[in-house]
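Next comes run-v2.txt, with compact mmCIF, C-alpha atoms.
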```txt
# COMPACT_ATOMS: atom_id res chain seq x y z
CA MET G 1288 2.75 11.26 30.43
CA MET G 1289 3.13 8.20 28.27
CA THR G 1290 6.69 7.30 27.44
CA ASN G 1291 7.70 6.58 23.87
CA ARG G 1292 8.13 2.95 24.76
CA LYS G 1293 4.68 2.63 26.32
CA ASN G 1294 3.16 4.41 23.36
CA ARG G 1295 4.83 2.03 20.92
CA GLN G 1296 3.73 -0.97 22.96
CA ARG G 1297 0.17 0.29 23.03
CA PHE G 1298 0.24 0.68 19.26
CA GLU G 1299 1.56 -2.86 18.84
CA ARG G 1300 -1.04 -4.27 21.18
CA LEU G 1301 -3.89 -2.58 19.33
CA MET G 1302 -2.74 -2.84 15.74
CA LEU G 1303 -0.44 -5.84 15.18
CA GLY G 1304 -3.30 -8.30 15.70
CA HIS G 1305 -4.90 -6.99 12.52
CA LEU G 1306 -1.84 -7.65 10.38
CA ASP G 1307 -3.33 -10.65 8.55
CA GLY G 1308 -6.46 -8.74 7.66
CA ALA G 1309 -4.39 -5.73 6.62
CA TYR G 1310 -2.12 -7.80 4.42
CA ASN G 1311 -5.00 -9.62 2.77
CA LEU G 1312 -6.87 -6.38 2.12
CA ALA G 1313 -3.77 -4.94 0.45
CA LEU G 1314 -3.35 -8.14 -1.55
CA TRP G 1315 -6.97 -8.10 -2.72
CA LEU G 1316 -6.57 -4.52 -3.82
CA VAL G 1317 -3.19 -4.54 -5.56
CA ARG G 1318 -2.94 -8.27 -6.43
CA ASP G 1319 0.84 -8.36 -6.04
CA PRO G 1320 2.37 -9.94 -2.93
CA ALA G 1321 5.56 -7.86 -2.90
CA GLU G 1322 3.64 -4.61 -3.35
CA ALA G 1323 1.09 -5.63 -0.75
CA GLU G 1324 3.88 -6.22 1.73
CA ASP G 1325 5.39 -2.81 1.02
CA ILE G 1326 2.01 -1.17 1.33
CA VAL G 1327 1.26 -2.74 4.70
CA GLN G 1328 4.68 -1.81 6.03
CA THR G 1329 4.31 1.78 4.84
CA ALA G 1330 0.78 1.96 6.20
CA TYR G 1331 1.80 0.76 9.65
CA MET G 1332 4.61 3.33 9.83
CA ARG G 1333 2.23 6.06 8.73
CA ALA G 1334 -0.34 4.87 11.23
CA PHE G 1335 2.18 5.00 14.02
CA GLU G 1336 3.18 8.53 13.09
CA HIS G 1337 -0.47 9.53 13.32
CA PHE G 1338 -1.29 7.34 16.29
CA HIS G 1339 -2.12 10.43 18.38
CA THR G 1340 -5.15 10.94 16.13
CA PHE G 1341 -6.54 7.54 17.10
CA THR G 1342 -9.11 8.34 19.74
CA GLY G 1343 -9.95 4.82 20.76
CA GLY G 1344 -12.76 2.68 19.47
CA ASN G 1345 -12.45 0.49 16.42
CA ALA G 1346 -8.71 -0.15 16.00
CA ALA G 1347 -9.22 -2.63 13.16
CA GLY G 1348 -11.29 -0.13 11.20
CA TRP G 1349 -8.72 2.58 11.82
CA ILE G 1350 -5.75 0.59 10.57
CA MET G 1351 -7.73 -0.84 7.63
CA THR G 1352 -8.58 2.69 6.50
CA ILE G 1353 -4.91 3.64 6.46
CA VAL G 1354 -3.96 0.44 4.62
CA ARG G 1355 -6.59 0.91 1.92
CA ASN G 1356 -5.66 4.57 1.48
CA THR G 1357 -2.03 3.60 1.07
CA ALA G 1358 -3.02 0.93 -1.46
CA TYR G 1359 -5.18 3.37 -3.44
CA ASN G 1360 -2.34 5.86 -3.46
CA TRP G 1361 -0.15 3.24 -5.01
CA LEU G 1362 -2.82 2.21 -7.49
CA SER G 1363 -3.42 5.76 -8.67
CA LYS G 1364 0.28 6.29 -9.20
CA GLN G 1365 0.42 3.06 -11.18
CA LYS G 1366 -2.45 4.19 -13.34
CA ARG G 1367 -0.87 7.57 -13.97
CA SER G 1368 2.40 6.03 -15.00
CA SER G 1369 0.92 3.31 -17.18
CA ASN G 1370 -1.40 5.55 -19.20
CA LEU G 1371 -3.60 2.60 -19.99
CA ILE G 1372 -7.32 2.33 -19.76
CA SER G 1373 -7.72 -0.33 -17.17
CA PHE G 1374 -10.22 -3.10 -17.36
CA ASP G 1375 -11.80 -1.56 -14.27
CA GLU G 1376 -12.84 1.48 -16.23
CA VAL G 1377 -14.23 -0.58 -19.05
CA LEU G 1378 -16.40 -2.44 -16.59
CA HIS G 1379 -17.40 0.78 -14.88
CA SER G 1380 -18.71 2.29 -18.06
CA SER G 1381 -20.78 -0.72 -18.96
CA GLU G 1382 -22.16 -1.46 -15.56
CA GLN G 1383 -24.94 1.14 -15.77
CA HIS G 1384 -26.56 -0.83 -18.56
CA SER G 1385 -26.88 -4.05 -16.69
CA GLN G 1386 -29.94 -4.80 -14.68
CA SER G 1387 -30.05 -6.45 -11.36
CA LEU G 1388 -29.25 -10.04 -11.97
CA SER G 1389 -31.63 -11.60 -9.53
CA ARG G 1390 -34.50 -9.79 -11.19
CA ARG G 1391 -33.39 -10.44 -14.73
CA MET G 1392 -32.93 -14.18 -14.43
CA ASN G 1393 -35.76 -16.66 -14.71
CA PRO G 1394 -35.77 -19.30 -12.01
CA GLU G 1395 -35.00 -22.06 -14.47
CA GLU G 1396 -31.91 -20.12 -15.54
CA ILE G 1397 -30.59 -20.07 -12.05
CA VAL G 1398 -27.94 -22.69 -12.02
CA SER G 1399 -25.99 -23.56 -9.00
CA ILE G 1400 -22.64 -21.92 -8.97
CA ASN G 1401 -19.95 -24.31 -7.95
CA ALA G 1402 -16.80 -22.32 -7.91
CA SER G 1403 -13.55 -23.24 -6.25
CA SER G 1404 -11.81 -20.53 -4.26
CA SER G 1405 -8.98 -20.20 -6.74
CA ASN G 1406 -11.37 -19.92 -9.65
CA LEU G 1407 -13.44 -17.39 -7.74
CA MET G 1408 -10.37 -15.33 -6.94
CA GLN G 1409 -9.38 -15.39 -10.59
CA GLN G 1410 -12.76 -13.99 -11.63
CA MET G 1411 -12.64 -11.53 -8.74
CA GLU G 1412 -9.54 -9.97 -10.25
CA ARG G 1413 -11.64 -8.83 -13.18
CA LEU G 1414 -13.86 -6.70 -10.95
CA PRO G 1415 -13.16 -3.01 -10.32
CA VAL G 1416 -10.99 -2.51 -7.28
CA GLU G 1417 -13.78 -0.79 -5.30
CA PHE G 1418 -15.99 -3.84 -5.82
CA ARG G 1419 -13.32 -6.23 -4.65
CA GLU G 1420 -12.73 -4.06 -1.65
CA ALA G 1421 -16.41 -4.06 -0.69
CA LEU G 1422 -16.61 -7.84 -1.07
CA PHE G 1423 -13.50 -8.39 1.01
CA LEU G 1424 -14.66 -6.16 3.83
CA ARG G 1425 -18.15 -7.66 3.85
CA GLU G 1426 -17.63 -11.35 3.13
CA ILE G 1427 -14.17 -12.02 4.47
CA GLU G 1428 -13.91 -9.51 7.30
CA GLY G 1429 -17.61 -9.41 8.13
CA TYR G 1430 -17.94 -5.63 8.50
CA SER G 1431 -21.38 -4.03 8.48
CA TYR G 1432 -22.43 -1.60 5.71
CA LYS G 1433 -21.88 1.29 8.10
CA GLU G 1434 -18.36 0.15 9.01
CA ILE G 1435 -17.46 -0.39 5.36
CA ALA G 1436 -18.73 3.11 4.61
CA GLU G 1437 -16.40 4.49 7.27
CA ILE G 1438 -13.38 2.56 6.09
CA THR G 1439 -13.89 3.36 2.42
CA GLN G 1440 -15.08 6.92 3.10
CA VAL G 1441 -18.20 6.77 0.94
CA PRO G 1442 -21.91 6.93 1.84
CA LYS G 1443 -23.64 3.76 2.97
CA GLY G 1444 -25.76 3.75 -0.19
CA THR G 1445 -22.63 3.59 -2.29
CA VAL G 1446 -21.40 0.61 -0.28
CA MET G 1447 -24.70 -1.17 -0.92
CA SER G 1448 -24.66 -0.54 -4.64
CA ARG G 1449 -21.00 -1.53 -4.93
CA LEU G 1450 -21.65 -4.80 -3.12
CA SER G 1451 -24.69 -5.51 -5.22
CA ARG G 1452 -22.94 -4.80 -8.51
CA ALA G 1453 -19.90 -6.74 -7.37
CA ARG G 1454 -21.96 -9.84 -6.70
CA GLU G 1455 -23.90 -9.41 -9.88
CA GLN G 1456 -20.80 -9.09 -12.03
CA LEU G 1457 -19.09 -11.92 -10.28
CA GLN G 1458 -22.10 -14.12 -10.83
CA SER G 1459 -22.24 -13.20 -14.51
CA LEU G 1460 -18.57 -13.95 -14.93
CA LEU G 1461 -18.97 -17.33 -13.27
CA LEU G 1462 -22.05 -18.20 -15.31
CA GLU G 1463 -20.32 -17.22 -18.52
CA GLN G 1464 -17.40 -19.36 -17.62
CA GLN G 1465 -19.67 -22.28 -16.77
CA LYS G 1466 -21.46 -21.89 -20.05
CA ARG G 1467 -18.23 -21.84 -21.99
CA LYS G 1468 -17.21 -25.06 -20.28
CA GLN G 1469 -20.54 -26.69 -21.07
CA ASP G 1470 -20.34 -25.63 -24.73
CA HIS G 1471 -16.90 -27.08 -24.81
CA VAL G 1472 -18.16 -30.42 -23.54
CA LEU G 1473 -21.04 -30.48 -26.03
CA MET Y 360 -43.72 -7.56 0.49
CA SER Y 361 -43.89 -8.00 -3.28
CA CYS Y 362 -41.56 -10.17 -5.33
CA ASP Y 363 -39.69 -7.10 -6.59
CA GLU Y 364 -39.16 -5.76 -3.09
CA THR Y 365 -38.12 -9.15 -1.86
CA ARG Y 366 -35.56 -9.54 -4.62
CA GLU Y 367 -34.17 -6.14 -3.84
CA ASN Y 368 -33.76 -7.08 -0.19
CA ILE Y 369 -32.06 -10.41 -0.68
CA GLU Y 370 -28.58 -9.10 -0.10
CA ALA Y 371 -29.47 -6.93 2.87
CA TYR Y 372 -31.19 -9.97 4.34
CA LEU Y 373 -28.14 -12.20 3.90
CA ASP Y 374 -25.82 -9.45 5.13
CA GLY Y 375 -27.90 -9.11 8.28
CA GLU Y 376 -28.82 -5.53 7.51
CA LEU Y 377 -32.62 -5.70 7.52
CA THR Y 378 -34.58 -4.29 10.43
CA LEU Y 379 -36.53 -6.78 12.46
CA SER Y 380 -39.87 -5.90 10.89
CA ASP Y 381 -38.50 -5.90 7.33
CA ARG Y 382 -36.97 -9.24 8.08
CA ARG Y 383 -40.28 -10.62 9.16
CA ASP Y 384 -42.04 -9.31 6.01
CA PHE Y 385 -39.25 -10.74 3.90
CA GLU Y 386 -39.55 -14.18 5.45
CA ASP Y 387 -43.34 -14.10 5.22
CA HIS Y 388 -43.19 -13.55 1.49
CA LEU Y 389 -40.47 -16.10 1.07
CA GLY Y 390 -42.60 -18.81 2.63
CA ASP Y 391 -45.14 -18.56 -0.21
CA CYS Y 392 -42.83 -17.90 -3.13
CA PRO Y 393 -40.55 -20.61 -4.58
CA ASP Y 394 -39.09 -18.18 -7.14
CA CYS Y 395 -37.83 -15.85 -4.46
CA GLN Y 396 -36.57 -18.81 -2.47
CA ALA Y 397 -34.53 -19.90 -5.47
CA ALA Y 398 -33.13 -16.41 -5.94
CA LEU Y 399 -32.20 -16.26 -2.27
CA GLU Y 400 -30.53 -19.66 -2.43
CA ASN Y 401 -28.60 -18.57 -5.48
CA MET Y 402 -27.24 -15.50 -3.74
CA ARG Y 403 -26.54 -17.43 -0.58
CA GLN Y 404 -24.38 -19.87 -2.53
CA LEU Y 405 -22.32 -17.11 -4.10
CA SER Y 406 -21.88 -15.37 -0.79
CA SER Y 407 -20.82 -18.50 1.03
CA SER Y 408 -18.33 -19.52 -1.62
CA ILE Y 409 -16.70 -16.09 -1.33
CA LYS Y 410 -16.60 -16.49 2.43
CA LYS Y 411 -14.69 -19.73 1.94
CA ILE Y 412 -11.76 -17.95 0.31
CA ALA Y 413 -9.00 -18.32 2.86
CA TYR Y 414 -6.49 -15.74 3.99
CA THR Y 415 -3.20 -15.77 2.15
CA SER Y 416 -0.57 -16.10 4.83
CA ARG Y 417 1.50 -12.99 5.24
CA PRO Y 418 5.20 -12.88 4.32
CA ALA Y 419 7.43 -14.31 7.03
CA GLY Y 420 9.36 -11.17 7.93
CA LEU Y 421 6.51 -8.67 7.78
CA ARG Y 422 5.65 -8.54 11.45
CA ARG Y 423 9.28 -8.35 12.49
CA ASN Y 424 10.06 -5.62 9.96
CA ILE Y 425 7.14 -3.58 11.17
CA ARG Y 426 8.17 -3.97 14.79
CA ASN Y 427 11.72 -2.90 13.95
CA GLY Y 428 10.42 0.09 12.05
CA LEU Y 429 8.16 1.06 14.94
CA ARG Y 430 11.04 0.89 17.38
CA ASP Y 431 13.13 3.15 15.17
CA LEU Y 432 10.30 5.61 14.76
CA SER Y 433 9.35 5.76 18.39
CA GLY Y 434 12.67 7.28 19.47
CA GLU Y 435 12.96 5.24 22.61
CA GLU Y 436 15.64 6.56 24.87
CA SER Y 437 17.31 3.32 25.90
CA ALA Y 438 17.14 1.18 22.80
CA GLY Y 439 17.61 3.88 20.18
CA PHE Y 440 20.46 4.82 17.92
CA GLY Y 441 23.99 3.92 18.94
CA TRP Y 442 26.94 1.65 18.72
CA PRO Y 443 25.23 -1.74 18.69
CA GLN Y 444 23.02 -0.84 15.79
CA LEU Y 445 25.88 0.57 13.75
CA LEU Y 446 28.08 -2.38 14.49
CA GLY Y 447 25.28 -4.77 13.66
CA PHE Y 448 24.89 -3.17 10.31
CA GLY Y 449 28.64 -3.25 9.79
CA GLY Y 450 28.50 -7.01 9.96
CA ALA Y 451 25.59 -7.32 7.60
CA SER Y 452 27.07 -4.95 5.07
CA ALA Y 453 30.49 -6.57 5.16
CA ALA Y 454 28.95 -9.60 3.51
CA LEU Y 455 27.60 -7.38 0.82
CA ALA Y 456 30.92 -5.70 0.20
CA SER Y 457 32.18 -8.83 -1.46
CA VAL Y 458 29.46 -8.85 -4.10
CA ALA Y 459 29.27 -5.13 -4.77
CA VAL Y 460 31.83 -2.49 -5.52
CA TRP Y 461 31.37 -1.14 -2.10
CA GLY Y 462 34.81 -0.16 -0.88
CA VAL Y 463 35.85 -0.51 2.70
CA MET Y 464 33.06 0.23 5.12
CA SER Y 465 34.00 2.64 7.79
CA PHE Y 466 31.65 2.63 10.65
CA MET Y 467 32.92 5.50 12.66
CA LEU Y 468 30.48 6.87 15.13
CA SER Y 469 29.31 10.03 13.50
CA SER Y 470 30.39 13.29 15.00
CA PRO Y 471 27.65 15.45 16.57
CA MET Y 472 27.80 17.76 13.61
CA GLN Y 473 27.27 14.94 11.16
CA LEU Y 474 24.43 13.63 13.27
CA SER Y 475 22.61 16.93 13.13
CA LEU Y 476 23.11 17.01 9.37
CA THR Y 477 21.65 13.53 8.88
CA ASP Y 478 18.80 14.61 11.10
CA GLU Y 479 18.20 17.63 8.91
CA LEU Y 480 18.34 15.53 5.77
CA ILE Y 481 15.81 13.08 7.16
CA SER Y 482 13.55 15.95 8.08
CA ALA Y 483 13.83 17.31 4.55
CA HIS Y 484 12.93 13.87 3.19
CA VAL Y 485 9.96 13.48 5.55
CA ARG Y 486 8.76 17.04 4.93
CA ALA Y 487 8.74 16.50 1.18
CA MET Y 488 6.77 13.27 1.61
CA MET Y 489 4.27 14.82 3.99
CA VAL Y 490 3.38 17.87 2.00
CA ASP Y 491 3.59 15.70 -1.11
CA HIS Y 492 5.97 18.12 -2.72
CA MET Y 493 8.69 15.87 -3.98
CA THR Y 494 9.79 17.74 -7.04
CA ASP Y 495 10.20 21.29 -8.35
CA VAL Y 496 11.07 19.86 -11.73
CA THR Y 497 9.24 16.68 -12.59
CA SER Y 498 10.84 14.66 -15.33
CA SER Y 499 12.34 11.27 -15.92
CA ASP Y 500 14.76 12.80 -18.40
CA ARG Y 501 18.11 13.70 -16.87
CA HIS Y 502 18.68 16.23 -19.64
CA THR Y 503 15.71 18.14 -18.28
CA VAL Y 504 16.51 17.73 -14.61
CA LYS Y 505 20.19 18.63 -14.70
CA PRO Y 506 19.88 21.98 -16.52
CA TRP Y 507 17.04 22.97 -14.20
CA PHE Y 508 19.60 23.42 -11.40
CA ASN Y 509 21.61 25.94 -13.50
CA GLY Y 510 21.95 29.19 -11.61
CA LYS Y 511 20.34 27.78 -8.49
CA LEU Y 512 23.43 26.08 -7.12
CA ASP Y 513 27.14 26.87 -7.02
CA PHE Y 514 27.81 23.48 -8.59
CA SER Y 515 26.27 21.30 -11.24
CA PRO Y 516 24.97 18.01 -9.84
CA ARG Y 517 25.60 14.76 -11.61
CA VAL Y 518 22.28 13.26 -12.68
CA VAL Y 519 22.10 9.64 -13.78
CA ASP Y 520 19.13 7.75 -15.12
CA LEU Y 521 18.69 4.28 -13.67
CA LYS Y 522 15.29 3.41 -15.04
CA ASP Y 523 16.50 0.25 -16.71
CA ARG Y 524 17.81 -0.92 -13.36
CA GLY Y 525 14.43 -0.42 -11.71
CA TYR Y 526 15.14 2.97 -10.15
CA PRO Y 527 13.36 5.53 -12.36
CA LEU Y 528 14.19 9.20 -11.97
CA ILE Y 529 11.17 11.24 -10.87
CA GLY Y 530 12.65 14.72 -10.82
CA GLY Y 531 14.51 17.19 -8.68
CA ARG Y 532 14.03 20.01 -6.24
CA LEU Y 533 16.02 22.59 -4.35
CA GLU Y 534 16.48 22.39 -0.59
CA TYR Y 535 18.17 24.75 1.84
CA LEU Y 536 19.99 22.98 4.63
CA ASN Y 537 22.48 24.63 6.96
CA LYS Y 538 21.81 27.82 4.99
CA ARG Y 539 23.20 26.21 1.88
CA PRO Y 540 21.48 25.18 -1.32
CA VAL Y 541 21.27 21.43 -1.76
CA ALA Y 542 20.26 19.52 -4.87
CA ALA Y 543 17.67 16.84 -4.16
CA LEU Y 544 17.21 14.22 -6.87
CA VAL Y 545 14.19 12.01 -6.51
CA TYR Y 546 14.15 8.39 -7.57
CA LYS Y 547 11.72 5.59 -7.03
CA ARG Y 548 11.87 1.90 -6.27
CA ARG Y 549 8.40 0.33 -6.43
CA ALA Y 550 6.41 2.34 -3.89
CA HIS Y 551 9.50 3.74 -2.18
CA ILE Y 552 10.78 7.24 -2.74
CA ILE Y 553 14.53 7.73 -2.65
CA ASN Y 554 15.98 11.17 -2.12
CA LEU Y 555 19.54 11.78 -3.23
CA PHE Y 556 20.90 14.94 -1.62
CA ILE Y 557 23.99 16.47 -3.18
CA GLN Y 558 25.88 19.33 -1.61
CA ARG Y 559 29.37 20.74 -1.42
CA SER Y 560 31.31 19.35 1.49
CA ASP Y 561 33.19 21.56 3.96
CA LYS Y 562 36.42 19.87 3.04
CA PRO Y 563 37.23 20.18 -0.63
CA ALA Y 564 38.90 17.22 -2.29
CA GLN Y 565 37.71 14.90 0.44
CA THR Y 566 36.70 11.41 -0.63
CA SER Y 567 35.28 8.89 1.76
CA PRO Y 568 33.58 5.56 1.16
CA ALA Y 569 29.92 4.96 1.59
CA GLN Y 570 28.51 4.24 4.99
CA LEU Y 571 25.09 3.06 5.93
CA ILE Y 572 23.25 4.69 8.80
CA GLN Y 573 19.87 3.73 10.16
CA GLN Y 574 17.94 6.44 11.89
CA ARG Y 575 14.27 7.08 12.68
CA GLY Y 576 13.18 4.14 10.54
CA TYR Y 577 15.02 5.39 7.47
CA GLN Y 578 18.14 4.10 5.79
CA LEU Y 579 20.82 6.59 4.85
CA VAL Y 580 23.87 6.01 2.73
CA ASN Y 581 26.44 8.75 2.76
CA TRP Y 582 29.67 9.17 0.79
CA GLN Y 583 31.98 11.90 -0.45
CA ILE Y 584 33.69 12.20 -3.77
CA GLN Y 585 36.11 15.04 -4.40
CA GLY Y 586 34.53 17.53 -2.11
CA MET Y 587 30.94 16.62 -2.97
CA ASN Y 588 28.76 15.10 -0.30
CA TYR Y 589 26.11 12.58 -1.36
CA THR Y 590 23.39 11.22 0.89
CA LEU Y 591 20.68 8.75 -0.04
CA ILE Y 592 17.61 8.56 2.15
CA SER Y 593 14.73 6.16 1.87
CA ASP Y 594 12.55 3.72 3.72
CA LEU Y 595 13.63 1.12 1.19
CA ASN Y 596 15.40 -1.95 2.60
CA PRO Y 597 19.16 -1.52 3.19
CA GLN Y 598 20.17 -4.11 0.58
CA GLU Y 599 18.45 -2.40 -2.31
CA LEU Y 600 19.48 1.06 -1.15
CA GLN Y 601 23.10 -0.06 -1.12
CA GLU Y 602 22.70 -1.53 -4.56
CA PHE Y 603 21.33 1.81 -5.67
CA ALA Y 604 24.25 3.64 -4.06
CA VAL Y 605 26.65 1.51 -6.10
CA LEU Y 606 24.73 2.24 -9.30
CA VAL Y 607 24.66 5.97 -8.63
CA GLN Y 608 28.40 6.07 -8.06
CA LYS Y 609 29.22 4.30 -11.30
```

Could you render the structure from this file as structure tokens?
Amino acid sequence: MMTNRKNRQRFERLMLGHLDGAYNLALWLVRDPAEAEDIVQTAYMRAFEHFHTFTGGNAAGWIMTIVRNTAYNWLSKQKRSSNLISFDEVLHSSEQHSQSLSRRMNPEEIVSINASSSNLMQQMERLPVEFREALFLREIEGYSYKEIAEITQVPKGTVMSRLSRAREQLQSLLLEQQKRKQDHVL
Amino acid sequence: MSCDETRENIEAYLDGELTLSDRRDFEDHLGDCPDCQAALENMRQLSSSIKKIAYTSRPAGLRRNIRNGLRDLSGEESAGFGWPQLLGFGGASAALASVAVWGVMSFMLSSPMQLSLTDELISAHVRAMMVDHMTDVTSSDRHTVKPWFNGKLDFSPRVVDLKDRGYPLIGGRLEYLNKRPVAALVYKRRAHIINLFIQRSDKPAQTSPAQLIQQRGYQLVNWQIQGMNYTLISDLNPQELQEFAVLVQK
């Protein structure tokens, strides 16, 4: 039988290495460093309490799932207590009307997007949380569609459409911003 | 592959999600089509600038705090709960006593009976969190929460509202511990739930200053005022929980 100590050490060995990814996921989702820290701490404690349900395999995916669930829990409580219509919902309702960007744009309209990381992050904050999450897991963490589907507990098709809309919206936001700057110069 | 199909597959191509044969068709079309090449390049640029966003470094104490929490949770026989931990906290809290109205800290080793009570209180706290049943009466208004306990307890609990201090009241519920009814008031600090358990003490008229206990990854603050026993339980950090204890006692 595994002693409590051995069990704890096994948990640390498997899960503590993913702390940076876990913290950054939480930060991308809630956008507040203090809250992200709380969320990761809570998630790790919760994960440890349910460690017996971890059957081996993808430890990173397992801990990320718990972190994002903890973050969403927090977000939904925030929403309930604030009673505000978030920008996320506004974007959600309008997104059906927009066409795929790459098809809509003429080649001559395609301008190179030269965005700094901080500027990009700023625009990213205007995306719905599910879109940011998909982008983080795909572009930063390099997960496959299937893995993202497992972590976010939605079908693979939903992951694909979230990613696609996320990129499209981000691109529109960046282009708009670029245009505003150009108009300003002229 | 047509232009439309190619455009639709740009992301799957860049994400490495196309099958080998789709990939080949995609690249075949791309070779003859400057428009699709431009669209691909456009998407590639966006994708690579996102990839360049660096990790934000995690807060300094996070790893250590998690490891401490894990050790408390794991109930390890040798390192667990005992004198050193209590004494260690005594030192840390003594510094705090000077800034807060905190009274003299008494860090007596709890009697077995007290230990089993704290254990029961922690279990009640954890149970409520797990089944997500924090409150029987959900209200941030103390004038709603306090009367709710009428007729359910043989005392009337003091309910204070500390929303303006960052500890909003969430509600209350009834617990039975040691076959006795206990008032549980629920407060919040950011994402942390704080349970305040109030019950009649065995010794009427007893008053004892607050003491901080750390057990199973939770912080407890316990004090008695005139025969009433108060215990705070939370996974909140000890500093803020002590601050809260001071506010509640005011």

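Going from atom CA of Y:Ile409 over to atom CA of G:Leu1457, you cover 10.2 Å.
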
For a quick test of understanding: name the residues of chain G lying within 8 Å of chain Y when counting only C-alpha atoms, and present them as a count of residues only.
41

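Atom CA of G:Met1447 is positioned 23.5 Å from atom CA of Y:Asp387.
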
Separation of atom CA of Y:Leu536 from atom CA of Y:Met493, in Å and rounded to one decimal:
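One can read the atom CA of Y:Leu536 to atom CA of Y:Met493 distance as 15.9 Å.
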
Determine, counting only C-alpha atoms, which protein, DNA and RNA residues have an atom within 10 Å of an atom of Y:His484; residues of the same chain fewer than 5 positions away are not included. Present the result as JSON, numbers by chain.
{"Y": [478, 479, 489, 493, 534, 543, 545, 552, 553, 554, 555, 556, 577, 591, 592, 593]}

G:Lys1443 surroundings by all atoms listed in the file, 12 Å radius, close-in-sequence under 4 positions cut, as a list in words
Ala1421, Ser1431, Tyr1432, Lys1433, Glu1434, Ile1435, Ala1436, Glu1437, Ile1438, Thr1439, Met1447, Ser1448, Arg1449 and Leu1450 of chain G; Glu376 of chain Y

Kindly provide, as a count of residues only, the polymer residues lying within 12 Å of (19.4, -2.7, -2.5), counting all atoms listed in the file and using the coordinates exactly as they appear in the file.
30

Of G:Ala1347, G:Val1446, G:Ala1453, G:Leu1314, the one sitting nearest G:Leu1362 when using all atoms listed in the file is G:Leu1314

Which residue gives the smallest distance to Y:Asp491 among G:Gln1469, G:Asn1360, G:Gln1410, G:Gln1440, with all atoms listed in the file counted?
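Ranked by minimum distance to Y:Asp491, first place goes to G:Asn1360.
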
Looking at G:Trp1315, G:Phe1423, G:Tyr1430, G:Phe1298, which one is nearest to G:Ala1358, with distances taken over all atoms listed in the file?
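Using all atoms listed in the file, the shortest distance to G:Ala1358 belongs to G:Trp1315.
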
From G:His1305, G:Lys1366, G:Arg1318, G:Lys1466, residue lying nearest G:Trp1349 [all atoms listed in the file]:
G:His1305

Could you pull out every residue with an atom within 10 Å of (-4.2, 5.8, 19.3), file coordinates, counting all atoms listed in the file, and send them as a count of residues only?
18

Counting all atoms listed in the file, which residue out of Y:His492, Y:Phe385, Y:Val519, Y:Asp561 sits closest to Y:Val504?
Y:Val519

Nearest to Y:Gln608: which of Y:Leu544, Y:Val518, Y:Leu533, Y:Leu377 is it, counting all atoms listed in the file?
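Closest residue, counting all atoms listed in the file: Y:Val518.
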